[in-house]
$ cat start-v1.txt   # compact mmCIF, C-alpha atoms
# COMPACT_ATOMS: atom_id res chain seq x y z
CA MET A 1 28.36 -14.44 8.52
CA THR A 2 26.08 -11.83 10.14
CA LYS A 3 25.34 -8.40 8.67
CA LYS A 4 27.45 -6.75 11.34
CA GLU A 5 30.45 -9.03 10.68
CA THR A 6 30.08 -8.58 6.92
CA ARG A 7 29.75 -4.80 7.30
CA ASN A 8 32.93 -4.56 9.40
CA ILE A 9 35.00 -6.83 7.15
CA TYR A 10 33.99 -5.24 3.86
CA LYS A 11 34.19 -1.67 5.09
CA GLU A 12 37.80 -2.36 6.06
CA LYS A 13 38.60 -4.27 2.85
CA ARG A 14 37.31 -1.37 0.76
CA LEU A 15 39.31 1.17 2.77
CA GLN A 16 42.48 -0.88 2.11
CA LEU A 17 42.07 -0.73 -1.68
CA PRO A 18 44.84 1.31 -3.33
CA HIS A 19 43.39 4.07 -5.52
CA ALA A 20 45.00 2.66 -8.68
CA GLN A 21 43.40 -0.73 -8.04
CA GLN A 22 40.05 0.89 -7.27
CA ALA A 23 40.21 2.86 -10.56
CA LYS A 24 40.87 -0.35 -12.49
CA MET A 25 37.97 -2.04 -10.72
CA ASP A 26 35.70 0.92 -11.56
CA ASP A 27 36.47 0.31 -15.25
CA LEU A 28 35.77 -3.41 -14.88
CA LEU A 29 32.46 -2.73 -13.11
CA LEU A 30 31.38 -0.49 -15.98
CA ILE A 31 32.39 -3.15 -18.54
CA GLN A 32 30.33 -5.74 -16.64
CA PHE A 33 27.32 -3.40 -16.48
CA GLN A 34 27.56 -2.85 -20.24
CA GLN A 35 27.08 -6.61 -20.66
CA LEU A 36 23.83 -6.60 -18.66
CA ASP A 37 20.92 -7.54 -20.91
CA ILE A 38 18.49 -4.76 -20.01
CA VAL A 39 16.94 -1.78 -21.75
CA ILE A 40 18.44 1.35 -20.19
CA PRO A 41 15.52 3.06 -18.45
CA SER A 42 14.68 6.75 -18.30
CA LEU A 43 14.14 7.15 -14.54
CA ILE A 44 17.26 5.99 -12.70
CA MET A 45 17.87 6.49 -9.01
CA THR A 46 21.51 6.74 -8.06
CA TYR A 47 23.41 8.00 -5.01
CA SER A 48 26.25 10.30 -4.04
CA PRO A 49 29.24 8.16 -3.01
CA LEU A 50 31.02 8.50 0.28
CA GLU A 51 34.58 9.09 -0.88
CA ARG A 52 35.99 8.77 2.64
CA LEU A 53 34.74 5.15 2.61
CA ASN A 54 36.05 4.40 -0.93
CA GLU A 55 32.48 3.83 -2.06
CA PHE A 56 31.92 3.00 -5.73
CA ASP A 57 30.96 6.11 -7.71
CA PRO A 58 27.85 5.26 -9.78
CA ALA A 59 28.53 8.24 -12.10
CA TYR A 60 30.46 5.76 -14.27
CA ILE A 61 27.22 3.85 -14.75
CA THR A 62 24.87 6.82 -15.08
CA ASP A 63 27.13 8.50 -17.66
CA TYR A 64 26.98 5.32 -19.75
CA CYS A 65 23.20 5.13 -19.24
CA HIS A 66 22.85 8.73 -20.43
CA PHE A 67 24.88 7.88 -23.54
CA LYS A 68 22.56 4.94 -24.27
CA ASN A 69 19.38 6.83 -23.31
CA PRO A 70 19.69 10.64 -23.53
CA GLU A 71 16.14 10.96 -22.13
CA GLN A 72 17.39 9.73 -18.76
CA THR A 73 16.47 11.60 -15.60
CA LEU A 74 18.71 11.03 -12.60
CA ILE A 75 17.03 10.74 -9.24
CA PHE A 76 18.79 10.98 -5.89
CA PRO A 77 17.63 9.97 -2.42
CA VAL A 78 16.90 12.61 0.19
CA MET A 79 16.69 11.50 3.82
CA ASP A 80 13.84 12.58 6.02
CA GLU A 81 15.40 12.07 9.42
CA THR A 82 12.22 12.96 11.31
CA LYS A 83 10.44 9.95 9.74
CA ASN A 84 13.52 7.74 9.33
CA THR A 85 12.71 7.43 5.62
CA MET A 86 13.92 8.84 2.34
CA TYR A 87 12.23 10.14 -0.77
CA ALA A 88 13.27 10.44 -4.41
CA ALA A 89 14.19 13.80 -5.97
CA ALA A 90 14.76 14.35 -9.70
CA THR A 91 17.76 16.41 -10.71
CA HIS A 92 18.91 18.36 -13.74
CA ILE A 93 22.17 19.95 -14.84
CA ASP A 94 21.75 22.98 -12.54
CA THR A 95 20.65 21.14 -9.40
CA SER A 96 22.73 22.05 -6.37
CA PHE A 97 23.59 19.60 -3.61
CA GLU A 98 24.16 19.95 0.14
CA LEU A 99 25.66 17.52 2.64
CA ASN A 100 23.31 15.90 5.14
CA LYS A 101 24.34 14.84 8.66
CA TYR A 102 25.98 11.67 7.26
CA ASP A 103 28.06 13.76 4.79
CA ILE A 104 25.99 12.46 1.87
CA ALA A 105 25.32 15.00 -0.87
CA GLU A 106 21.58 15.45 -1.47
CA PRO A 107 19.82 17.58 -4.10
CA VAL A 108 18.37 20.87 -2.94
CA ASN A 109 14.82 21.53 -4.15
CA GLY A 110 14.73 18.51 -6.46
CA ALA A 111 11.29 17.62 -7.82
CA HIS A 112 9.73 14.78 -5.84
CA ILE A 113 9.27 11.58 -7.84
CA PHE A 114 6.74 8.92 -6.89
CA THR A 115 8.57 5.79 -5.80
CA ASN A 116 6.53 3.58 -8.11
CA GLU A 117 7.73 5.56 -11.17
CA ILE A 118 11.41 4.70 -10.70
CA GLU A 119 12.62 2.14 -13.22
CA MET A 120 16.07 1.34 -11.84
CA VAL A 121 17.81 1.91 -8.51
CA ILE A 122 21.57 1.75 -8.13
CA VAL A 123 21.75 0.58 -4.53
CA PRO A 124 24.77 1.40 -2.35
CA LEU A 125 26.21 -1.54 -0.47
CA LEU A 126 29.22 -2.91 1.33
CA ALA A 127 28.68 -6.51 0.21
CA PHE A 128 26.08 -8.91 -1.13
CA ASP A 129 25.62 -12.66 -0.96
CA THR A 130 25.02 -15.36 -3.58
CA LYS A 131 21.25 -15.06 -3.08
CA GLY A 132 21.06 -11.29 -3.71
CA ASN A 133 20.88 -10.14 -0.10
CA ARG A 134 22.87 -6.97 0.50
CA VAL A 135 24.57 -5.39 3.47
CA GLY A 136 24.41 -1.62 3.60
CA TYR A 137 25.36 0.74 6.37
CA GLY A 138 22.75 -0.56 8.80
CA LYS A 139 20.16 2.20 9.00
CA GLY A 140 17.51 0.46 6.85
CA TYR A 141 16.71 3.48 4.68
CA TYR A 142 17.08 1.60 1.41
CA ASP A 143 15.08 -1.46 2.47
CA ARG A 144 12.17 0.75 3.50
CA PHE A 145 12.45 2.72 0.26
CA LEU A 146 12.83 -0.30 -2.04
CA SER A 147 9.79 -1.97 -0.48
CA GLU A 148 7.69 0.86 -2.01
CA CYS A 149 9.14 0.52 -5.54
CA ASN A 150 7.12 -1.27 -8.19
CA ALA A 151 7.91 -4.92 -8.89
CA ALA A 152 9.47 -4.12 -12.30
CA CYS A 153 12.04 -1.72 -10.81
CA ILE A 154 15.55 -3.06 -11.41
CA LYS A 155 17.68 -3.08 -8.26
CA VAL A 156 21.39 -3.30 -8.97
CA GLY A 157 24.37 -3.13 -6.62
CA PHE A 158 28.08 -2.83 -7.35
CA SER A 159 30.85 -4.37 -5.27
CA TYR A 160 34.60 -4.43 -5.65
CA PHE A 161 34.52 -7.92 -4.14
CA GLU A 162 32.91 -11.24 -5.02
CA PRO A 163 29.70 -12.10 -3.13
CA VAL A 164 29.87 -13.81 0.24
CA ASP A 165 28.29 -17.27 0.49
CA ALA A 166 25.48 -16.23 2.80
CA ILE A 167 24.38 -13.47 5.13
CA ASP A 168 22.88 -15.31 8.08
CA ASP A 169 20.59 -12.77 9.73
CA ILE A 170 18.37 -11.72 6.81
CA ASN A 171 14.93 -10.43 7.84
CA ALA A 172 11.57 -10.35 6.06
CA HIS A 173 11.95 -6.59 5.48
CA ASP A 174 15.33 -6.96 3.67
CA ILE A 175 14.92 -6.34 -0.06
CA LYS A 176 17.05 -8.38 -2.46
CA LEU A 177 18.97 -7.09 -5.44
CA ASP A 178 18.01 -8.12 -8.96
CA TYR A 179 21.65 -7.91 -10.03
CA GLY A 180 24.94 -7.79 -8.17
CA ILE A 181 27.90 -6.70 -10.26
CA THR A 182 31.56 -7.26 -9.43
CA PRO A 183 34.69 -6.68 -11.52
CA GLY A 184 34.58 -10.39 -12.34
CA GLY A 185 30.97 -10.87 -13.33
CA ILE A 186 27.24 -10.32 -13.14
CA PHE A 187 25.09 -12.15 -10.60
CA ALA A 188 21.38 -12.33 -11.40
CA PHE A 189 18.88 -13.14 -8.64
$ encode --input "start-v1.txt" --output "structure tokens"
Amino acid sequence: MTKKETRNIYKEKRLQLPHAQQAKMDDLLLIQFQQLDIVIPSLIMTYSPLERLNEFDPAYITDYCHFKNPEQTLIFPVMDETKNTMYAAATHIDTSFELNKYDIAEPVNGAHIFTNEIEMVIVPLLAFDTKGNRVGYGKGYYDRFLSECNAACIKVGFSYFEPVDAIDDINAHDIKLDYGITPGGIFAF
């Protein structure tokens, strides 16, 4: 299946999820993440979910991470549309957020963090395959960003659905996940 086909199918599948089923799956995703054999890092990049697309809310994961590591600093992406890139901004309890042109909440005046300092990135996705390739929304922001992260940075994605067998049109610039988590299990790549 191509990225475009996968994107269309899984965007629609996610929109069809009843809220009660999605809430149950959120709990199962958190339970799966709690089974992941990693040390919870201090510098975690997350994202603001697109509720209109029934996107998984990583706050379930970051709240658990904060419980396990109270020294955690949450980092959010900020898009630089003039350069077609994004940068990392640290947040704190009083950080305010504004919507960008894609209706994604971004921190206002967050402290810039060097990409190579980030220890874990929770990567938004629509689907991933059995080899760790992910399908996002098609703009390439995350692949460009992840290519600048250090090799030890943990890249984890969450999906309400099991991985597809293969995404056929993977390119050299596509960055794989280290872990894909579904309600039914953990996939390590």
$ closest_residue --input "start-v1.txt" --among "A:Ile93, A:Ile9, A:Leu29, A:Ile181" --to "A:Val135" --atoms "only C-alpha atoms"
A:Ile9
$ closest_residue --input "start-v1.txt" --among "A:Thr182, A:Thr2, A:Asn8, A:Asn69" --to "A:Asp26" --atoms "all atoms listed in the file"
A:Thr182
$ residues_near_point --input "start-v1.txt" --point "(36.0, -1.3, -0.9)" --cutoff "6 Å" --atoms "only C-alpha atoms" --output "PyMOL selection string"
chain A and resi 13-15+54+160
$ closest_residue --input "start-v1.txt" --among "A:Leu53, A:Ile61, A:Ile170, A:Ala105" --to "A:Phe33" --atoms "all atoms listed in the file"
A:Ile61
$ residues_around --input "start-v1.txt" --residues "A:Tyr47" --least-positions-apart "2" --cutoff "10 Å" --atoms "only C-alpha atoms" --output "PDB file with C-alpha atoms, keeping the file's coordinate frame"
ATOM      1  CA  MET A  45      17.870   6.490  -9.010  1.00  0.00           C
ATOM      2  CA  PRO A  49      29.240   8.160  -3.010  1.00  0.00           C
ATOM      3  CA  LEU A  50      31.020   8.500   0.280  1.00  0.00           C
ATOM      4  CA  PHE A  56      31.920   3.000  -5.730  1.00  0.00           C
ATOM      5  CA  ASP A  57      30.960   6.110  -7.710  1.00  0.00           C
ATOM      6  CA  PRO A  58      27.850   5.260  -9.780  1.00  0.00           C
ATOM      7  CA  ALA A  59      28.530   8.240 -12.100  1.00  0.00           C
ATOM      8  CA  LEU A  74      18.710  11.030 -12.600  1.00  0.00           C
ATOM      9  CA  ILE A  75      17.030  10.740  -9.240  1.00  0.00           C
ATOM     10  CA  PHE A  76      18.790  10.980  -5.890  1.00  0.00           C
ATOM     11  CA  PRO A  77      17.630   9.970  -2.420  1.00  0.00           C
ATOM     12  CA  VAL A  78      16.900  12.610   0.190  1.00  0.00           C
ATOM     13  CA  ILE A 104      25.990  12.460   1.870  1.00  0.00           C
ATOM     14  CA  ALA A 105      25.320  15.000  -0.870  1.00  0.00           C
ATOM     15  CA  GLU A 106      21.580  15.450  -1.470  1.00  0.00           C
ATOM     16  CA  VAL A 121      17.810   1.910  -8.510  1.00  0.00           C
ATOM     17  CA  ILE A 122      21.570   1.750  -8.130  1.00  0.00           C
ATOM     18  CA  VAL A 123      21.750   0.580  -4.530  1.00  0.00           C
ATOM     19  CA  PRO A 124      24.770   1.400  -2.350  1.00  0.00           C
TER      20      PRO A 124
END
$ closest_residue --input "start-v1.txt" --among "A:Ala111, A:Ala20, A:Ala127, A:Ala90" --to "A:Lys4" --atoms "only C-alpha atoms"
A:Ala127
